[in-house]
file protein-v8.pdb (PDB, C-alpha atoms)
ATOM      1  CA  MET M   1     -14.318  72.069  -2.934  1.00  0.00           C
ATOM      2  CA  ILE M   2     -14.376  70.134  -6.180  1.00  0.00           C
ATOM      3  CA  VAL M   3     -16.515  71.024  -9.190  1.00  0.00           C
ATOM      4  CA  ARG M   4     -16.659  68.800 -12.255  1.00  0.00           C
ATOM      5  CA  PHE M   5     -17.085  70.488 -15.625  1.00  0.00           C
ATOM      6  CA  VAL M   6     -18.072  68.087 -18.405  1.00  0.00           C
ATOM      7  CA  ARG M   7     -17.001  69.562 -21.740  1.00  0.00           C
ATOM      8  CA  SER M   8     -19.187  69.187 -24.806  1.00  0.00           C
ATOM      9  CA  GLU M   9     -16.949  66.424 -26.223  1.00  0.00           C
ATOM     10  CA  GLY M  10     -17.299  64.466 -22.958  1.00  0.00           C
ATOM     11  CA  SER M  11     -13.991  65.097 -21.185  1.00  0.00           C
ATOM     12  CA  VAL M  12     -14.262  65.968 -17.501  1.00  0.00           C
ATOM     13  CA  GLU M  13     -12.291  68.770 -15.877  1.00  0.00           C
ATOM     14  CA  GLU M  14     -12.179  68.646 -12.066  1.00  0.00           C
ATOM     15  CA  VAL M  15     -11.398  72.039 -10.586  1.00  0.00           C
ATOM     16  CA  ARG M  16     -10.897  73.272  -7.043  1.00  0.00           C
ATOM     17  CA  GLY M  17     -12.729  76.246  -5.653  1.00  0.00           C
ATOM     18  CA  ALA M  18     -13.362  77.893  -2.317  1.00  0.00           C
ATOM     19  CA  ALA M  19     -16.500  79.061  -0.578  1.00  0.00           C
ATOM     20  CA  GLY M  20     -17.642  82.289  -2.195  1.00  0.00           C
ATOM     21  CA  ASP M  21     -16.168  81.531  -5.638  1.00  0.00           C
ATOM     22  CA  ARG M  22     -18.546  81.986  -8.553  1.00  0.00           C
ATOM     23  CA  LEU M  23     -18.748  79.049 -10.931  1.00  0.00           C
ATOM     24  CA  LEU M  24     -18.064  81.366 -13.877  1.00  0.00           C
ATOM     25  CA  ASP M  25     -14.816  82.627 -12.317  1.00  0.00           C
ATOM     26  CA  LEU M  26     -13.648  79.052 -11.752  1.00  0.00           C
ATOM     27  CA  ALA M  27     -14.463  78.093 -15.341  1.00  0.00           C
ATOM     28  CA  GLN M  28     -12.488  81.037 -16.678  1.00  0.00           C
ATOM     29  CA  ALA M  29      -9.562  80.422 -14.298  1.00  0.00           C
ATOM     30  CA  TYR M  30      -9.331  76.859 -15.612  1.00  0.00           C
ATOM     31  CA  ASP M  31      -9.695  77.958 -19.251  1.00  0.00           C
ATOM     32  CA  LEU M  32     -13.134  76.461 -19.833  1.00  0.00           C
ATOM     33  CA  PRO M  33     -15.188  77.985 -22.677  1.00  0.00           C
ATOM     34  CA  LEU M  34     -17.704  80.143 -20.822  1.00  0.00           C
ATOM     35  CA  GLU M  35     -17.875  83.693 -22.098  1.00  0.00           C
ATOM     36  CA  GLY M  36     -19.674  85.474 -19.267  1.00  0.00           C
ATOM     37  CA  THR M  37     -19.340  88.864 -20.953  1.00  0.00           C
ATOM     38  CA  CYS M  38     -21.928  90.634 -18.819  1.00  0.00           C
ATOM     39  CA  GLY M  39     -19.752  90.453 -15.704  1.00  0.00           C
ATOM     40  CA  GLY M  40     -22.488  88.802 -13.645  1.00  0.00           C
ATOM     41  CA  GLN M  41     -24.995  91.597 -14.232  1.00  0.00           C
ATOM     42  CA  MET M  42     -27.581  89.259 -15.794  1.00  0.00           C
ATOM     43  CA  ALA M  43     -27.531  91.010 -19.160  1.00  0.00           C
ATOM     44  CA  CYS M  44     -26.745  87.875 -21.173  1.00  0.00           C
ATOM     45  CA  SER M  45     -26.877  84.094 -21.096  1.00  0.00           C
ATOM     46  CA  THR M  46     -23.307  83.402 -22.234  1.00  0.00           C
ATOM     47  CA  CYS M  47     -22.338  81.524 -19.068  1.00  0.00           C
ATOM     48  CA  HIS M  48     -25.077  78.907 -19.363  1.00  0.00           C
ATOM     49  CA  VAL M  49     -24.263  75.504 -17.848  1.00  0.00           C
ATOM     50  CA  ILE M  50     -26.396  72.416 -17.380  1.00  0.00           C
ATOM     51  CA  VAL M  51     -26.363  71.120 -13.825  1.00  0.00           C
ATOM     52  CA  ASP M  52     -26.393  67.355 -13.386  1.00  0.00           C
ATOM     53  CA  PRO M  53     -29.996  66.418 -12.490  1.00  0.00           C
ATOM     54  CA  VAL M  54     -28.776  64.644  -9.338  1.00  0.00           C
ATOM     55  CA  ASP M  55     -27.044  67.846  -8.179  1.00  0.00           C
ATOM     56  CA  ALA M  56     -29.706  70.358  -9.226  1.00  0.00           C
ATOM     57  CA  PRO M  57     -31.692  70.141  -5.957  1.00  0.00           C
ATOM     58  CA  ARG M  58     -28.600  71.297  -4.033  1.00  0.00           C
ATOM     59  CA  LEU M  59     -28.738  74.719  -5.704  1.00  0.00           C
ATOM     60  CA  PRO M  60     -30.980  77.514  -4.505  1.00  0.00           C
ATOM     61  CA  ALA M  61     -33.851  78.256  -6.853  1.00  0.00           C
ATOM     62  CA  ALA M  62     -33.060  80.467  -9.827  1.00  0.00           C
ATOM     63  CA  SER M  63     -34.250  84.045  -9.525  1.00  0.00           C
ATOM     64  CA  GLU M  64     -36.906  85.327 -11.894  1.00  0.00           C
ATOM     65  CA  GLU M  65     -34.204  87.385 -13.654  1.00  0.00           C
ATOM     66  CA  GLU M  66     -32.038  84.290 -14.123  1.00  0.00           C
ATOM     67  CA  GLU M  67     -34.996  82.365 -15.518  1.00  0.00           C
ATOM     68  CA  ASP M  68     -35.612  85.217 -17.967  1.00  0.00           C
ATOM     69  CA  MET M  69     -31.972  85.160 -19.125  1.00  0.00           C
ATOM     70  CA  LEU M  70     -32.072  81.386 -19.568  1.00  0.00           C
ATOM     71  CA  ASP M  71     -34.885  81.888 -22.078  1.00  0.00           C
ATOM     72  CA  PHE M  72     -32.143  83.206 -24.404  1.00  0.00           C
ATOM     73  CA  ALA M  73     -29.657  80.382 -23.756  1.00  0.00           C
ATOM     74  CA  GLU M  74     -29.149  78.012 -26.658  1.00  0.00           C
ATOM     75  CA  GLY M  75     -29.951  74.427 -25.650  1.00  0.00           C
ATOM     76  CA  ALA M  76     -31.384  75.271 -22.236  1.00  0.00           C
ATOM     77  CA  VAL M  77     -32.997  72.422 -20.302  1.00  0.00           C
ATOM     78  CA  ALA M  78     -34.794  72.102 -16.966  1.00  0.00           C
ATOM     79  CA  THR M  79     -31.519  72.075 -14.991  1.00  0.00           C
ATOM     80  CA  SER M  80     -29.846  74.926 -16.903  1.00  0.00           C
ATOM     81  CA  ARG M  81     -28.364  77.707 -14.785  1.00  0.00           C
ATOM     82  CA  LEU M  82     -26.104  80.709 -15.274  1.00  0.00           C
ATOM     83  CA  ALA M  83     -22.605  80.032 -13.957  1.00  0.00           C
ATOM     84  CA  CYS M  84     -22.312  83.677 -12.893  1.00  0.00           C
ATOM     85  CA  GLN M  85     -25.159  83.098 -10.419  1.00  0.00           C
ATOM     86  CA  ILE M  86     -23.799  79.938  -8.772  1.00  0.00           C
ATOM     87  CA  VAL M  87     -21.697  80.758  -5.718  1.00  0.00           C
ATOM     88  CA  LEU M  88     -19.891  77.847  -4.112  1.00  0.00           C
ATOM     89  CA  ASP M  89     -20.431  76.795  -0.536  1.00  0.00           C
ATOM     90  CA  GLU M  90     -19.826  73.504   1.271  1.00  0.00           C
ATOM     91  CA  SER M  91     -23.188  72.122   0.128  1.00  0.00           C
ATOM     92  CA  LEU M  92     -22.006  72.254  -3.510  1.00  0.00           C
ATOM     93  CA  ASP M  93     -18.814  70.217  -3.065  1.00  0.00           C
ATOM     94  CA  GLY M  94     -18.732  67.650  -5.880  1.00  0.00           C
ATOM     95  CA  LEU M  95     -21.124  69.599  -8.126  1.00  0.00           C
ATOM     96  CA  THR M  96     -21.162  68.400 -11.742  1.00  0.00           C
ATOM     97  CA  VAL M  97     -22.132  70.699 -14.615  1.00  0.00           C
ATOM     98  CA  ARG M  98     -22.034  70.264 -18.368  1.00  0.00           C
ATOM     99  CA  VAL M  99     -20.700  72.992 -20.642  1.00  0.00           C
ATOM    100  CA  PRO M 100     -23.057  73.098 -23.640  1.00  0.00           C
ATOM    101  CA  ALA M 101     -21.631  72.654 -27.128  1.00  0.00           C
ATOM    102  CA  SER M 102     -22.810  76.186 -27.897  1.00  0.00           C
ATOM    103  CA  ALA M 103     -20.509  77.650 -25.233  1.00  0.00           C
ATOM    104  CA  ARG M 104     -17.694  79.856 -26.414  1.00  0.00           C
ATOM    105  CA  ASP M 105     -15.172  82.247 -24.960  1.00  0.00           C
ATOM    106  CA  ALA M 106     -14.941  85.693 -26.549  1.00  0.00           C
ATOM    107  CA  ARG M 107     -11.567  86.285 -24.881  1.00  0.00           C
ATOM    108  CA  ARG M 108      -9.899  84.129 -27.566  1.00  0.00           C
TER     109      ARG M 108
END

call {"tool": "encode", "arguments": {"input": "protein-v8.pdb", "output": "structure tokens"}}
result
Amino acid sequence: MIVRFVRSEGSVEEVRGAAGDRLLDLAQAYDLPLEGTCGGQMACSTCHVIVDPVDAPRLPAASEEEEDMLDFAEGAVATSRLACQIVLDESLDGLTVRVPASARDARR
């Protein structure tokens, strides 16, 4: 499956993933600037991405906990999601997400 990450400066990184891969893990494997320091435990909003509005309906609804975490994400919009909560399956092939300018990677 292909996922397109649009970086804040506009370049597009197409990455390959498999069913069951979390979007955050793919971003980190391809050296994209998503921190994700909470390890998927919903204790932060550092893996915030903005899903392309055309693709947003293909995702399951955000949980109440995810919505709460997105309240802390800088630059959140209606299609914002946490990359740690997006798990790939065939229905998400071709998904496009934007990495906000506020994204950073604490591993560097």

call {"tool": "atom_distance", "arguments": {"input": "protein-v8.pdb", "atom1": "atom CA of Thr37 of chain M", "atom2": "atom CA of Arg16 of chain M"}}
result
22.5 Å

call {"tool": "residues_around", "arguments": {"input": "protein-v8.pdb", "residues": "segment 21-26 of chain M", "least_positions_apart": "6", "cutoff": "9 Å", "atoms": "only C-alpha atoms", "output": "number ranges by chain"}}
result
M: 3, 15, 32, 34-36, 40, 47, 82-89

call {"tool": "resolve_selection", "arguments": {"input": "protein-v8.pdb", "expression": "the PyMOL selection byres ((chain M and resi 59-74) around 9)", "output": "PyMOL selection string"}}
result
chain M and resi 42-48+55-58+75-76+80-82+85-86+91-92+100+102-103

call {"tool": "atom_distance", "arguments": {"input": "protein-v8.pdb", "atom1": "atom CA of Val77 of chain M", "atom2": "atom CA of Leu95 of chain M"}}
result
17.2 Å

call {"tool": "closest_residue", "arguments": {"input": "protein-v8.pdb", "among": "M:Ala19, M:Val51, M:Val97, M:Val6", "to": "Thr79 of chain M", "atoms": "only C-alpha atoms"}}
result
M:Val51

call {"tool": "atom_distance", "arguments": {"input": "protein-v8.pdb", "atom1": "atom CA of Ile2 of chain M", "atom2": "atom CA of Ala101 of chain M"}}
result
22.3 Å

call {"tool": "closest_residue", "arguments": {"input": "protein-v8.pdb", "among": "M:Val54, M:Cys38, M:Val49, M:Ala29", "to": "Phe5 of chain M", "atoms": "all atoms listed in the file"}}
result
M:Val49

call {"tool": "decode", "arguments": {"input": "protein-v8.pdb", "residues": "segment 19-57 of chain M", "atoms": "N, CA and C atoms", "output": "PDB file, in the first residue's frame"}}
result
ATOM      1  N   ALA M  19      -0.624  -3.968   5.432  1.00  0.00           N
ATOM      2  CA  ALA M  19      -1.784  -4.013   6.318  1.00  0.00           C
ATOM      3  C   ALA M  19      -1.304  -4.241   7.745  1.00  0.00           C
ATOM      4  N   GLY M  20      -1.838  -3.449   8.659  1.00  0.00           N
ATOM      5  CA  GLY M  20      -1.465  -3.555  10.063  1.00  0.00           C
ATOM      6  C   GLY M  20      -0.397  -2.571  10.493  1.00  0.00           C
ATOM      7  N   ASP M  21       0.282  -1.919   9.543  1.00  0.00           N
ATOM      8  CA  ASP M  21       1.288  -0.909   9.888  1.00  0.00           C
ATOM      9  C   ASP M  21       0.591   0.342  10.406  1.00  0.00           C
ATOM     10  N   ARG M  22       1.155   0.930  11.450  1.00  0.00           N
ATOM     11  CA  ARG M  22       0.659   2.218  11.935  1.00  0.00           C
ATOM     12  C   ARG M  22       1.315   3.319  11.117  1.00  0.00           C
ATOM     13  N   LEU M  23       0.571   4.353  10.833  1.00  0.00           N
ATOM     14  CA  LEU M  23       1.085   5.475  10.056  1.00  0.00           C
ATOM     15  C   LEU M  23       2.311   6.094  10.726  1.00  0.00           C
ATOM     16  N   LEU M  24       2.308   6.184  12.040  1.00  0.00           N
ATOM     17  CA  LEU M  24       3.450   6.744  12.760  1.00  0.00           C
ATOM     18  C   LEU M  24       4.705   5.916  12.519  1.00  0.00           C
ATOM     19  N   ASP M  25       4.594   4.597  12.572  1.00  0.00           N
ATOM     20  CA  ASP M  25       5.761   3.732  12.355  1.00  0.00           C
ATOM     21  C   ASP M  25       6.318   3.907  10.946  1.00  0.00           C
ATOM     22  N   LEU M  26       5.437   4.045   9.970  1.00  0.00           N
ATOM     23  CA  LEU M  26       5.894   4.285   8.594  1.00  0.00           C
ATOM     24  C   LEU M  26       6.632   5.618   8.496  1.00  0.00           C
ATOM     25  N   ALA M  27       6.060   6.654   9.094  1.00  0.00           N
ATOM     26  CA  ALA M  27       6.693   7.976   9.046  1.00  0.00           C
ATOM     27  C   ALA M  27       8.089   7.908   9.643  1.00  0.00           C
ATOM     28  N   GLN M  28       8.229   7.249  10.771  1.00  0.00           N
ATOM     29  CA  GLN M  28       9.538   7.170  11.415  1.00  0.00           C
ATOM     30  C   GLN M  28      10.497   6.290  10.624  1.00  0.00           C
ATOM     31  N   ALA M  29      10.004   5.226  10.008  1.00  0.00           N
ATOM     32  CA  ALA M  29      10.863   4.354   9.197  1.00  0.00           C
ATOM     33  C   ALA M  29      11.413   5.094   7.984  1.00  0.00           C
ATOM     34  N   TYR M  30      10.639   6.045   7.477  1.00  0.00           N
ATOM     35  CA  TYR M  30      11.061   6.817   6.305  1.00  0.00           C
ATOM     36  C   TYR M  30      11.622   8.185   6.698  1.00  0.00           C
ATOM     37  N   ASP M  31      11.957   8.347   7.967  1.00  0.00           N
ATOM     38  CA  ASP M  31      12.629   9.546   8.466  1.00  0.00           C
ATOM     39  C   ASP M  31      11.818  10.830   8.276  1.00  0.00           C
ATOM     40  N   LEU M  32      10.520  10.729   8.475  1.00  0.00           N
ATOM     41  CA  LEU M  32       9.657  11.907   8.440  1.00  0.00           C
ATOM     42  C   LEU M  32       9.533  12.467   9.855  1.00  0.00           C
ATOM     43  N   PRO M  33       9.373  13.781  10.005  1.00  0.00           N
ATOM     44  CA  PRO M  33       9.461  14.420  11.317  1.00  0.00           C
ATOM     45  C   PRO M  33       8.204  14.307  12.177  1.00  0.00           C
ATOM     46  N   LEU M  34       7.882  13.093  12.607  1.00  0.00           N
ATOM     47  CA  LEU M  34       6.786  12.917  13.555  1.00  0.00           C
ATOM     48  C   LEU M  34       7.353  12.304  14.819  1.00  0.00           C
ATOM     49  N   GLU M  35       7.212  13.009  15.912  1.00  0.00           N
ATOM     50  CA  GLU M  35       7.846  12.602  17.166  1.00  0.00           C
ATOM     51  C   GLU M  35       7.226  11.332  17.739  1.00  0.00           C
ATOM     52  N   GLY M  36       5.944  11.361  18.027  1.00  0.00           N
ATOM     53  CA  GLY M  36       5.273  10.172  18.544  1.00  0.00           C
ATOM     54  C   GLY M  36       5.890   9.633  19.820  1.00  0.00           C
ATOM     55  N   THR M  37       6.202  10.502  20.768  1.00  0.00           N
ATOM     56  CA  THR M  37       6.933  10.079  21.962  1.00  0.00           C
ATOM     57  C   THR M  37       6.109   9.266  22.946  1.00  0.00           C
ATOM     58  N   CYS M  38       4.803   9.251  22.806  1.00  0.00           N
ATOM     59  CA  CYS M  38       3.999   8.527  23.795  1.00  0.00           C
ATOM     60  C   CYS M  38       3.889   7.043  23.471  1.00  0.00           C
ATOM     61  N   GLY M  39       4.450   6.608  22.349  1.00  0.00           N
ATOM     62  CA  GLY M  39       4.405   5.195  22.004  1.00  0.00           C
ATOM     63  C   GLY M  39       3.009   4.693  21.687  1.00  0.00           C
ATOM     64  N   GLY M  40       2.138   5.570  21.218  1.00  0.00           N
ATOM     65  CA  GLY M  40       0.786   5.152  20.840  1.00  0.00           C
ATOM     66  C   GLY M  40      -0.184   5.053  21.998  1.00  0.00           C
ATOM     67  N   GLN M  41       0.218   5.546  23.166  1.00  0.00           N
ATOM     68  CA  GLN M  41      -0.634   5.427  24.354  1.00  0.00           C
ATOM     69  C   GLN M  41      -1.547   6.627  24.563  1.00  0.00           C
ATOM     70  N   MET M  42      -1.637   7.498  23.546  1.00  0.00           N
ATOM     71  CA  MET M  42      -2.555   8.636  23.573  1.00  0.00           C
ATOM     72  C   MET M  42      -2.269   9.603  24.722  1.00  0.00           C
ATOM     73  N   ALA M  43      -1.007   9.789  25.043  1.00  0.00           N
ATOM     74  CA  ALA M  43      -0.641  10.719  26.102  1.00  0.00           C
ATOM     75  C   ALA M  43      -0.097  12.025  25.542  1.00  0.00           C
ATOM     76  N   CYS M  44      -0.097  12.175  24.226  1.00  0.00           N
ATOM     77  CA  CYS M  44       0.439  13.389  23.611  1.00  0.00           C
ATOM     78  C   CYS M  44      -0.218  13.599  22.247  1.00  0.00           C
ATOM     79  N   SER M  45       0.152  14.661  21.590  1.00  0.00           N
ATOM     80  CA  SER M  45      -0.366  14.912  20.240  1.00  0.00           C
ATOM     81  C   SER M  45       0.785  15.149  19.279  1.00  0.00           C
ATOM     82  N   THR M  46       1.937  14.553  19.539  1.00  0.00           N
ATOM     83  CA  THR M  46       3.144  14.832  18.758  1.00  0.00           C
ATOM     84  C   THR M  46       3.216  14.055  17.449  1.00  0.00           C
ATOM     85  N   CYS M  47       2.197  13.282  17.128  1.00  0.00           N
ATOM     86  CA  CYS M  47       2.186  12.592  15.832  1.00  0.00           C
ATOM     87  C   CYS M  47       0.989  13.063  14.994  1.00  0.00           C
ATOM     88  N   HIS M  48       0.617  14.302  15.186  1.00  0.00           N
ATOM     89  CA  HIS M  48      -0.506  14.911  14.484  1.00  0.00           C
ATOM     90  C   HIS M  48      -0.214  15.021  12.988  1.00  0.00           C
ATOM     91  N   VAL M  49      -1.141  14.540  12.166  1.00  0.00           N
ATOM     92  CA  VAL M  49      -1.092  14.730  10.721  1.00  0.00           C
ATOM     93  C   VAL M  49      -2.442  15.275  10.275  1.00  0.00           C
ATOM     94  N   ILE M  50      -2.452  15.863   9.096  1.00  0.00           N
ATOM     95  CA  ILE M  50      -3.694  16.380   8.528  1.00  0.00           C
ATOM     96  C   ILE M  50      -4.022  15.527   7.314  1.00  0.00           C
ATOM     97  N   VAL M  51      -5.120  14.815   7.396  1.00  0.00           N
ATOM     98  CA  VAL M  51      -5.545  13.922   6.324  1.00  0.00           C
ATOM     99  C   VAL M  51      -6.175  14.751   5.213  1.00  0.00           C
ATOM    100  N   ASP M  52      -5.826  14.417   3.973  1.00  0.00           N
ATOM    101  CA  ASP M  52      -6.425  15.099   2.830  1.00  0.00           C
ATOM    102  C   ASP M  52      -7.953  14.984   2.952  1.00  0.00           C
ATOM    103  N   PRO M  53      -8.675  16.088   2.781  1.00  0.00           N
ATOM    104  CA  PRO M  53     -10.131  16.055   2.933  1.00  0.00           C
ATOM    105  C   PRO M  53     -10.823  15.013   2.051  1.00  0.00           C
ATOM    106  N   VAL M  54     -10.258  14.715   0.895  1.00  0.00           N
ATOM    107  CA  VAL M  54     -10.847  13.693   0.022  1.00  0.00           C
ATOM    108  C   VAL M  54     -10.701  12.304   0.650  1.00  0.00           C
ATOM    109  N   ASP M  55      -9.602  12.084   1.376  1.00  0.00           N
ATOM    110  CA  ASP M  55      -9.331  10.784   1.980  1.00  0.00           C
ATOM    111  C   ASP M  55      -9.939  10.607   3.366  1.00  0.00           C
ATOM    112  N   ALA M  56     -10.251  11.680   4.038  1.00  0.00           N
ATOM    113  CA  ALA M  56     -10.720  11.616   5.425  1.00  0.00           C
ATOM    114  C   ALA M  56     -11.904  10.666   5.633  1.00  0.00           C
ATOM    115  N   PRO M  57     -12.881  10.613   4.727  1.00  0.00           N
ATOM    116  CA  PRO M  57     -14.003   9.702   4.946  1.00  0.00           C
ATOM    117  C   PRO M  57     -13.616   8.212   4.930  1.00  0.00           C
TER     118      PRO M  57
END
